[in-house]
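Next up, model-v1.pdb (PDB, C-alpha atoms and all ligand atoms):
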MODEL        1
ATOM      1  CA  MET A 272       0.000   0.000   0.000
ATOM      2  CA  LYS A 273       2.755   2.408   0.985
ATOM      3  CA  PHE A 274       4.531   1.445  -2.204
ATOM      4  CA  TYR A 275       1.604   2.476  -4.452
ATOM      5  CA  LEU A 276       1.050   5.649  -2.497
ATOM      6  CA  VAL A 277       4.662   6.683  -3.034
ATOM      7  CA  ILE A 278       4.470   5.903  -6.749
ATOM      8  CA  PHE A 279       1.240   7.875  -7.111
ATOM      9  CA  LEU A 280       2.626  10.900  -5.274
ATOM     10  CA  MET A 281       5.756  10.923  -7.401
ATOM     11  CA  LEU A 282       3.941  10.506 -10.711
ATOM     12  CA  PHE A 283       1.243  13.015  -9.852
ATOM     13  CA  PRO A 284       3.078  16.137 -11.145
ATOM     14  CA  VAL A 285       4.114  14.311 -14.316
ATOM     15  CA  ILE A 286       0.552  13.256 -15.148
ATOM     16  CA  PHE A 287      -0.747  16.667 -14.211
ATOM     17  CA  LEU A 288       1.707  18.497 -16.466
ATOM     18  CA  THR A 289       1.322  16.219 -19.466
ATOM     19  CA  ALA A 290      -2.449  15.873 -19.598
ATOM     20  CA  PRO A 291      -3.459  19.384 -20.760
ATOM     21  CA  ALA A 292      -0.971  19.332 -23.642
ATOM     22  CA  THR A 293      -2.281  16.075 -25.081
ATOM     23  CA  ALA A 294      -5.956  16.736 -24.388
ATOM     24  CA  SER A 295      -6.219  20.148 -26.057
ATOM     25  CA  GLY A 296      -8.630  20.347 -28.966
ATOM     26  CA  GLU A 297      -6.568  22.533 -31.257
ATOM     27  CA  ALA A 298      -6.803  22.395 -35.012
ATOM     28  CA  SER A 299      -4.288  20.469 -37.051
ATOM     29  CA  GLU A 300      -0.887  22.049 -37.429
ATOM     30  CA  GLU A 301      -0.990  21.697 -41.204
ATOM     31  CA  PHE A 302      -2.429  24.736 -42.924
ATOM     32  CA  ILE A 303      -4.518  24.678 -46.105
ATOM     33  CA  VAL A 304      -3.130  26.243 -49.264
ATOM     34  CA  VAL A 305      -5.590  27.828 -51.724
ATOM     35  CA  ASP A 306      -4.375  28.920 -55.175
ATOM     36  CA  GLY A 307      -0.766  28.764 -53.994
ATOM     37  CA  LEU A 308      -1.438  31.035 -51.016
ATOM     38  CA  TYR A 309      -1.451  30.352 -47.311
ATOM     39  CA  LYS A 310      -3.440  32.904 -45.331
ATOM     40  CA  VAL A 311      -2.431  33.229 -41.731
ATOM     41  CA  ARG A 312      -4.027  35.391 -39.077
ATOM     42  CA  ILE A 313      -1.901  36.112 -36.051
ATOM     43  CA  GLU A 314      -3.281  37.644 -32.878
ATOM     44  CA  ALA A 315      -0.649  38.824 -30.459
ATOM     45  CA  SER A 316      -1.354  39.414 -26.808
ATOM     46  CA  GLN A 317       0.718  39.317 -23.658
ATOM     47  CA  TRP A 318       2.364  36.917 -24.116
ATOM     48  CA  GLU A 319       1.554  34.635 -26.956
ATOM     49  CA  PHE A 320       0.874  34.460 -30.648
ATOM     50  CA  LYS A 321      -2.381  32.809 -31.583
ATOM     51  CA  VAL A 322      -2.231  31.597 -35.166
ATOM     52  CA  PHE A 323      -5.321  30.951 -37.273
ATOM     53  CA  ASP A 324      -5.732  29.236 -40.635
ATOM     54  CA  MET A 325      -7.795  31.784 -42.585
ATOM     55  CA  ASN A 326      -8.260  29.465 -45.586
ATOM     56  CA  LEU A 327      -9.707  26.758 -43.363
ATOM     57  CA  ALA A 328     -11.957  29.313 -41.648
ATOM     58  CA  ALA A 329     -13.174  30.636 -45.017
ATOM     59  CA  ASN A 330     -13.925  27.072 -46.168
ATOM     60  CA  GLU A 331     -16.021  26.598 -43.048
ATOM     61  CA  GLY A 332     -17.966  29.816 -43.689
ATOM     62  CA  TYR A 333     -15.984  32.342 -41.655
ATOM     63  CA  PRO A 334     -14.174  34.608 -44.114
ATOM     64  CA  ASP A 335     -13.632  37.360 -41.509
ATOM     65  CA  LEU A 336     -12.279  36.099 -38.214
ATOM     66  CA  SER A 337     -12.318  39.598 -36.724
ATOM     67  CA  ILE A 338     -16.067  39.290 -36.192
ATOM     68  CA  VAL A 339     -16.080  35.688 -35.000
ATOM     69  CA  GLY A 340     -16.288  34.779 -31.308
ATOM     70  CA  ASP A 341     -13.352  33.145 -29.542
ATOM     71  CA  THR A 342     -15.109  29.789 -29.111
ATOM     72  CA  ILE A 343     -15.645  29.260 -32.840
ATOM     73  CA  LYS A 344     -12.305  30.812 -33.691
ATOM     74  CA  GLN A 345     -10.533  28.175 -31.587
ATOM     75  CA  GLU A 346     -11.405  25.573 -34.225
ATOM     76  CA  PHE A 347      -8.971  27.235 -36.612
ATOM     77  CA  GLU A 348      -6.312  28.030 -34.054
ATOM     78  CA  VAL A 349      -2.851  26.552 -33.837
ATOM     79  CA  LYS A 350      -0.282  27.427 -31.213
ATOM     80  CA  HIS A 351       3.481  27.270 -31.363
ATOM     81  CA  ARG A 352       3.868  25.291 -34.601
ATOM     82  CA  VAL A 353       2.454  25.634 -38.100
ATOM     83  CA  GLU A 354       3.085  23.336 -41.065
ATOM     84  CA  PHE A 355       3.197  24.549 -44.657
ATOM     85  CA  SER A 356       3.551  21.340 -46.650
ATOM     86  CA  GLU A 357       3.639  23.121 -50.036
ATOM     87  CA  LYS A 358       7.106  24.488 -50.586
ATOM     88  CA  GLY A 359       7.455  27.582 -52.790
ATOM     89  CA  ALA A 360       3.897  28.740 -52.052
ATOM     90  CA  ASN A 361       3.118  32.280 -50.981
ATOM     91  CA  VAL A 362       2.153  33.135 -47.454
ATOM     92  CA  GLN A 363       0.236  36.142 -46.244
ATOM     93  CA  PHE A 364       0.487  37.086 -42.593
ATOM     94  CA  ASN A 365      -2.308  39.268 -41.202
ATOM     95  CA  LEU A 366      -1.237  40.638 -37.863
ATOM     96  CA  TYR A 367      -3.322  42.000 -35.015
ATOM     97  CA  SER A 368      -2.483  43.046 -31.482
ATOM     98  CA  ARG A 369      -4.991  42.608 -28.679
ATOM     99  CA  ASP A 370      -3.160  44.765 -26.148
ATOM    100  CA  VAL A 371       0.204  46.491 -26.374
ATOM    101  CA  GLN A 372       2.472  46.941 -29.341
ATOM    102  CA  HIS A 373       4.058  43.672 -30.443
ATOM    103  CA  GLY A 374       6.364  42.751 -33.266
ATOM    104  CA  PHE A 375       6.436  39.812 -35.654
ATOM    105  CA  SER A 376       9.729  38.725 -37.149
ATOM    106  CA  ILE A 377      11.016  35.890 -39.300
ATOM    107  CA  ASN A 378      14.658  36.586 -40.073
ATOM    108  CA  GLU A 379      14.960  34.165 -43.015
ATOM    109  CA  LEU A 380      11.955  35.690 -44.805
ATOM    110  CA  ASP A 381      13.040  39.238 -44.066
ATOM    111  CA  VAL A 382       9.888  39.902 -42.082
ATOM    112  CA  ALA A 383       9.907  42.428 -39.246
ATOM    113  CA  VAL A 384       6.514  44.019 -38.758
ATOM    114  CA  ALA A 385       5.174  46.106 -35.893
ATOM    115  CA  MET A 386       1.592  45.510 -34.820
ATOM    116  CA  ASN A 387      -0.651  48.393 -33.883
ATOM    117  CA  ARG A 388      -2.017  48.821 -30.413
ATOM    118  CA  PRO A 389      -5.854  48.787 -30.327
ATOM    119  CA  GLU A 390      -7.638  52.119 -30.031
ATOM    120  CA  PRO A 391      -9.610  52.449 -26.779
ATOM    121  CA  GLY A 392     -12.797  50.363 -27.017
ATOM    122  CA  ASN A 393     -11.522  48.189 -29.852
ATOM    123  CA  GLU A 394     -10.619  44.546 -29.496
ATOM    124  CA  PHE A 395      -7.883  44.613 -32.125
ATOM    125  CA  GLY A 396      -5.416  47.146 -33.379
ATOM    126  CA  ALA A 397      -5.446  48.059 -37.049
ATOM    127  CA  ALA A 398      -4.186  45.171 -39.171
ATOM    128  CA  THR A 399      -0.744  45.035 -40.655
ATOM    129  CA  SER A 400      -0.022  42.447 -43.285
ATOM    130  CA  VAL A 401       2.958  41.116 -45.140
ATOM    131  CA  GLU A 402       3.271  38.591 -47.947
ATOM    132  CA  ARG A 403       6.298  36.451 -48.754
ATOM    133  CA  THR A 404       7.233  33.475 -50.928
ATOM    134  CA  LEU A 405       8.263  30.345 -49.075
ATOM    135  CA  PRO A 406      11.500  28.649 -50.112
ATOM    136  CA  ASN A 407      11.581  25.402 -52.078
ATOM    137  CA  ASP A 408      13.479  23.707 -49.262
ATOM    138  CA  ASP A 409      12.544  21.544 -46.315
ATOM    139  CA  VAL A 410      13.267  23.999 -43.568
ATOM    140  CA  THR A 411      11.910  25.255 -40.270
ATOM    141  CA  TYR A 412      11.760  28.951 -39.466
ATOM    142  CA  SER A 413      11.170  30.539 -36.097
ATOM    143  CA  SER A 414       9.129  33.680 -35.717
ATOM    144  CA  PHE A 415       9.361  35.846 -32.656
ATOM    145  CA  CYS A 416       8.276  39.156 -31.206
ATOM    146  CA  HIS A 417      10.973  41.777 -31.695
ATOM    147  CA  ILE A 418       9.352  44.636 -29.778
ATOM    148  CA  PHE A 419       9.788  44.367 -26.030
ATOM    149  CA  CYS A 420       6.306  43.879 -24.602
ATOM    150  CA  GLY A 421       6.932  42.914 -20.985
ATOM    151  CA  LEU A 422       7.747  39.950 -18.806
ATOM    152  CA  GLY A 423       6.785  37.110 -21.156
ATOM    153  CA  HIS A 424       8.244  38.736 -24.270
ATOM    154  CA  PRO A 425      10.901  36.017 -24.889
ATOM    155  CA  ASP A 426       8.170  33.339 -24.910
ATOM    156  CA  MET A 427       6.411  34.782 -27.944
ATOM    157  CA  LYS A 428       7.536  32.353 -30.598
ATOM    158  CA  VAL A 429       5.931  30.287 -33.341
ATOM    159  CA  LYS A 430       7.637  27.755 -35.582
ATOM    160  CA  PHE A 431       6.843  27.473 -39.269
ATOM    161  CA  VAL A 432       7.680  24.098 -40.762
ATOM    162  CA  ILE A 433       8.060  24.246 -44.544
ATOM    163  CA  GLY A 434       7.854  20.932 -46.385
ATOM    164  CA  GLU A 435       9.400  18.335 -44.119
ATOM    165  CA  GLY A 436      11.124  20.982 -42.013
ATOM    166  CA  SER A 437      14.748  20.958 -40.932
ATOM    167  CA  PHE A 438      16.270  18.574 -38.418
ATOM    168  CA  GLU A 439      15.225  19.494 -34.897
ATOM    169  CA  ALA A 440      17.280  18.414 -31.904
ATOM    170  CA  GLY A 441      14.467  19.435 -29.547
ATOM    171  CA  PRO A 442      12.579  16.098 -29.378
ATOM    172  CA  TYR A 443      15.790  14.115 -28.785
ATOM    173  CA  VAL A 444      16.837  16.434 -25.970
ATOM    174  CA  PHE A 445      13.328  16.072 -24.553
ATOM    175  CA  TYR A 446      13.434  12.256 -24.517
ATOM    176  CA  ALA A 447      16.979  12.240 -23.126
ATOM    177  CA  ALA A 448      15.773  14.474 -20.292
ATOM    178  CA  ILE A 449      12.881  12.071 -19.618
ATOM    179  CA  LEU A 450      15.298   9.110 -19.491
ATOM    180  CA  ILE A 451      17.525  10.930 -17.010
ATOM    181  CA  ASN A 452      14.488  11.800 -14.908
ATOM    182  CA  VAL A 453      13.273   8.203 -14.932
ATOM    183  CA  GLY A 454      16.737   7.146 -13.726
ATOM    184  CA  ILE A 455      16.688   9.681 -10.900
ATOM    185  CA  PHE A 456      13.100   8.665 -10.098
ATOM    186  CA  GLY A 457      14.102   4.993  -9.837
ATOM    187  CA  MET A 458      16.992   5.736  -7.512
ATOM    188  CA  THR A 459      14.909   8.021  -5.309
ATOM    189  CA  LEU A 460      12.101   5.481  -5.182
ATOM    190  CA  ARG A 461      14.506   2.743  -4.141
ATOM    191  CA  SER A 462      15.886   4.749  -1.264
ATOM    192  CA  ILE A 463      12.385   5.808  -0.134
ATOM    193  CA  ILE A 464      11.188   2.193  -0.151
ATOM    194  CA  THR A 465      14.278   1.113   1.760
ATOM    195  CA  LYS A 466      13.485   3.759   4.396
ATOM    196  CA  LEU A 467       9.776   2.809   4.517
ATOM    197  CA  ASP A 468      10.663  -0.832   5.006
ATOM    198  CA  SER A 469      12.689   0.071   8.076
ATOM    199  CA  ILE A 470       9.612   1.688   9.705
ATOM    200  CA  PRO A 471       7.659  -0.892  11.724
ATOM    201  CA  SER A 472       4.152  -1.208  10.173
ATOM    202  CA  GLU A 473       0.982  -0.806  12.256
TER
HETATM  203 CU    CU B 501       7.375  41.246 -27.353
ENDMDL
END

Show this structure as structure tokens.
Ligand SMILES: [Cu+2]
Amino acid sequence: MKFYLVIFLMLFPVIFLTAPATASGEASEEFIVVDGLYKVRIEASQWEFKVFDMNLAANEGYPDLSIVGDTIKQEFEVKHRVEFSEKGANVQFNLYSRDVQHGFSINELDVAVAMNRPEPGNEFGAATSVERTLPNDDVTYSSFCHIFCGLGHPDMKVKFVIGEGSFEAGPYVFYAAILINVGIFGMTLRSIITKLDSIPSE
């Protein structure tokens, strides 16, 4: 009994941290291309970029996401990682801020755009947009906010995977870290059980 209790207590934070990430109902990461053009809506707020597939939304009957409620909009939302499987296509970024001034940069595409702060009473600032041609390579680009917007500013990042994307060390580092943690967990568990065994049971 003690044994299972210890295991449960130690696994609790792991289960708790992992569950929301796997259970979220976000749209697919792969965006839809229409006539060689990806249309991306980005809403910046402190401190994240919300990314919406405008082509998918238009297909589903929502051509203007500015007038659509957050609940419906979530169906077209992707966070952190977007896939453009068609290399060499064009991409149009439509950028909106929901609070302070933010920036949107992709170094490799020569994009560095400032987003407008909303006027009092408005939900979004005036749109800024930029259009670029994607490369014909399998490559992954990172976008980030380049205008300091407060505490969480460094966390404002989205990855754009073009074609197959470039090699990413991230997942390997992640699994290596899990292996190390499992090792530490095993050793800790062993010493806890040894200690528990030395306590006389009721
Ligand atoms: Cu920022």

* Structure fact -> For ligand CU 501 (chain B), the closest of A:Ser316, A:Thr411, A:Ser462, A:Asn452 counting all atoms listed in the file is A:Ser316

* Structure fact -> Nearest to ligand CU 501 (chain B), restricted to only C-alpha atoms and all ligand atoms and choosing among A:Lys321, A:Lys358, A:Arg352, A:His417, comes out as A:His417

Once you count only C-alpha atoms and all ligand atoms, what closest atom pair and distance in Å to one decimal does each residue of chain A within 7 Å of ligand CU 501 (chain B) have, with rows by chain and rising residue number, as CSV?
residue,atom,partner,partner_atom,distance
A:His373,CA,B:CU501,CU,5.1
A:Gly374,CA,B:CU501,CU,6.2
A:Cys416,CA,B:CU501,CU,4.5
A:His417,CA,B:CU501,CU,5.7
A:Ile418,CA,B:CU501,CU,4.6
A:Phe419,CA,B:CU501,CU,4.2
A:Cys420,CA,B:CU501,CU,4.0
A:Gly421,CA,B:CU501,CU,6.6
A:His424,CA,B:CU501,CU,4.1
A:Pro425,CA,B:CU501,CU,6.8
A:Met427,CA,B:CU501,CU,6.6

* Could you state the separation of CA of Met281 in chain A and CA of Asp468 in chain A in Å, given to one decimal place? -> 17.8 Å

* To do: Write out as an MDAnalysis selection string which residues come within 12 Å of Ala329 in chain A when counting all atoms listed in the file, dropping same-chain ones fewer than 6 positions away.
  => chainID A and resid 303:305 309:312 323 335:336 339 344 347

* Hey, which of A:Asn387, A:Asn326, A:Thr459, A:Thr404 ends up closest to Asp370 in chain A? Count all atoms listed in the file. -> A:Asn387

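For the pair CA of Trp318 in chain A and CA of Tyr412 in chain A, the separation is 19.7 Å.
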
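With all atoms listed in the file as the atoms that count, the residue of A:Phe395, A:Glu301, A:Ala447, A:Glu319 with the shortest distance to Leu422 in chain A is A:Glu319.
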
* Result set of the PyMOL selection byres (((chain A and resi 401) around 8) and not hetatm) on the coordinates above, as JSON, numbers by chain -> {"A": [363, 364, 365, 382, 384, 399, 400, 402, 403]}

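Atom pair CA of Ile470 in chain A / CA of Met458 in chain A: separated by 19.2 Å.
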
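If you measure from each of A:Gly332, A:Val410, A:Leu327, A:Asn361 to Asp306 in chain A using only C-alpha atoms, the closest one turns out to be A:Asn361.
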
* Step by step: start from the point (-3.1, 51.6, -37.1) in the file's coordinates, keep every protein, DNA or RNA residue that has an atom no farther than 12 Å from it, count only C-alpha atoms, and write the set as a list in words. => Leu366, Tyr367, Ser368, Gln372, Ala385, Met386, Asn387, Arg388, Pro389, Glu390, Asn393, Phe395, Gly396, Ala397, Ala398, Thr399 and Ser400 of chain A

Can you put all heavy atoms back into range 306-317 of chain A and show it as a short mmCIF file (atom, residue, chain, number, x, y, z; two decimals), in the coordinates of the input?
data_model
loop_
_atom_site.label_atom_id
_atom_site.label_comp_id
_atom_site.auth_asym_id
_atom_site.auth_seq_id
_atom_site.Cartn_x
_atom_site.Cartn_y
_atom_site.Cartn_z
N ASP A 306 -4.99 28.21 -54.05
CA ASP A 306 -4.38 28.92 -55.18
C ASP A 306 -2.94 29.36 -54.87
O ASP A 306 -2.55 30.51 -55.14
CB ASP A 306 -5.22 30.16 -55.56
CG ASP A 306 -6.61 29.76 -56.03
OD1 ASP A 306 -6.74 28.67 -56.62
OD2 ASP A 306 -7.56 30.53 -55.78
N GLY A 307 -2.18 28.47 -54.27
CA GLY A 307 -0.77 28.76 -53.99
C GLY A 307 -0.54 29.77 -52.88
O GLY A 307 0.56 30.32 -52.77
N LEU A 308 -1.58 30.03 -52.07
CA LEU A 308 -1.44 31.04 -51.02
C LEU A 308 -1.93 30.51 -49.67
O LEU A 308 -3.05 30.03 -49.54
CB LEU A 308 -2.22 32.30 -51.39
CG LEU A 308 -2.19 33.46 -50.39
CD1 LEU A 308 -0.80 34.08 -50.30
CD2 LEU A 308 -3.22 34.53 -50.74
N TYR A 309 -1.05 30.61 -48.69
CA TYR A 309 -1.45 30.35 -47.31
C TYR A 309 -1.88 31.67 -46.70
O TYR A 309 -1.18 32.68 -46.87
CB TYR A 309 -0.27 29.81 -46.48
CG TYR A 309 0.10 28.38 -46.80
CD1 TYR A 309 1.22 28.10 -47.57
CD2 TYR A 309 -0.65 27.33 -46.29
CE1 TYR A 309 1.58 26.78 -47.84
CE2 TYR A 309 -0.30 26.01 -46.56
CZ TYR A 309 0.82 25.75 -47.33
OH TYR A 309 1.16 24.44 -47.59
N LYS A 310 -3.01 31.67 -46.01
CA LYS A 310 -3.44 32.90 -45.33
C LYS A 310 -3.46 32.67 -43.83
O LYS A 310 -4.19 31.80 -43.33
CB LYS A 310 -4.82 33.36 -45.83
CG LYS A 310 -4.75 33.94 -47.24
CD LYS A 310 -6.11 34.33 -47.75
CE LYS A 310 -6.46 35.77 -47.39
NZ LYS A 310 -7.75 36.17 -48.02
N VAL A 311 -2.65 33.44 -43.15
CA VAL A 311 -2.43 33.23 -41.73
C VAL A 311 -2.85 34.47 -40.96
O VAL A 311 -2.43 35.59 -41.29
CB VAL A 311 -0.93 32.96 -41.46
CG1 VAL A 311 -0.69 32.68 -39.99
CG2 VAL A 311 -0.43 31.80 -42.32
N ARG A 312 -3.68 34.28 -39.96
CA ARG A 312 -4.03 35.39 -39.08
C ARG A 312 -3.28 35.18 -37.77
O ARG A 312 -3.29 34.08 -37.20
CB ARG A 312 -5.54 35.39 -38.81
CG ARG A 312 -5.99 36.44 -37.81
CD ARG A 312 -7.46 36.25 -37.46
NE ARG A 312 -7.89 37.18 -36.43
CZ ARG A 312 -8.45 38.38 -36.67
NH1 ARG A 312 -8.65 38.75 -37.90
NH2 ARG A 312 -8.81 39.16 -35.68
N ILE A 313 -2.62 36.22 -37.31
CA ILE A 313 -1.90 36.11 -36.05
C ILE A 313 -2.41 37.17 -35.09
O ILE A 313 -2.44 38.36 -35.43
CB ILE A 313 -0.39 36.25 -36.28
CG1 ILE A 313 0.10 35.05 -37.09
CG2 ILE A 313 0.36 36.32 -34.94
CD1 ILE A 313 1.57 35.01 -37.36
N GLU A 314 -2.85 36.72 -33.92
CA GLU A 314 -3.28 37.64 -32.88
C GLU A 314 -2.24 37.61 -31.77
O GLU A 314 -2.00 36.56 -31.18
CB GLU A 314 -4.66 37.23 -32.33
CG GLU A 314 -5.76 37.41 -33.35
CD GLU A 314 -7.12 36.97 -32.81
OE1 GLU A 314 -7.23 36.69 -31.60
OE2 GLU A 314 -8.07 36.92 -33.61
N ALA A 315 -1.65 38.75 -31.50
CA ALA A 315 -0.65 38.82 -30.46
C ALA A 315 -1.27 39.43 -29.21
O ALA A 315 -2.06 40.38 -29.29
CB ALA A 315 0.52 39.68 -30.93
N SER A 316 -0.96 38.83 -28.08
CA SER A 316 -1.35 39.41 -26.81
C SER A 316 -0.29 39.01 -25.81
O SER A 316 0.52 38.13 -26.08
CB SER A 316 -2.73 38.90 -26.38
OG SER A 316 -2.73 37.50 -26.30
N GLN A 317 -0.29 39.67 -24.65
CA GLN A 317 0.72 39.32 -23.66
C GLN A 317 0.38 37.96 -23.07
O GLN A 317 -0.68 37.83 -22.43
CB GLN A 317 0.77 40.36 -22.56
CG GLN A 317 1.49 41.64 -23.02
CD GLN A 317 1.22 42.79 -22.09
OE1 GLN A 317 0.10 42.98 -21.63
NE2 GLN A 317 2.24 43.57 -21.81
#
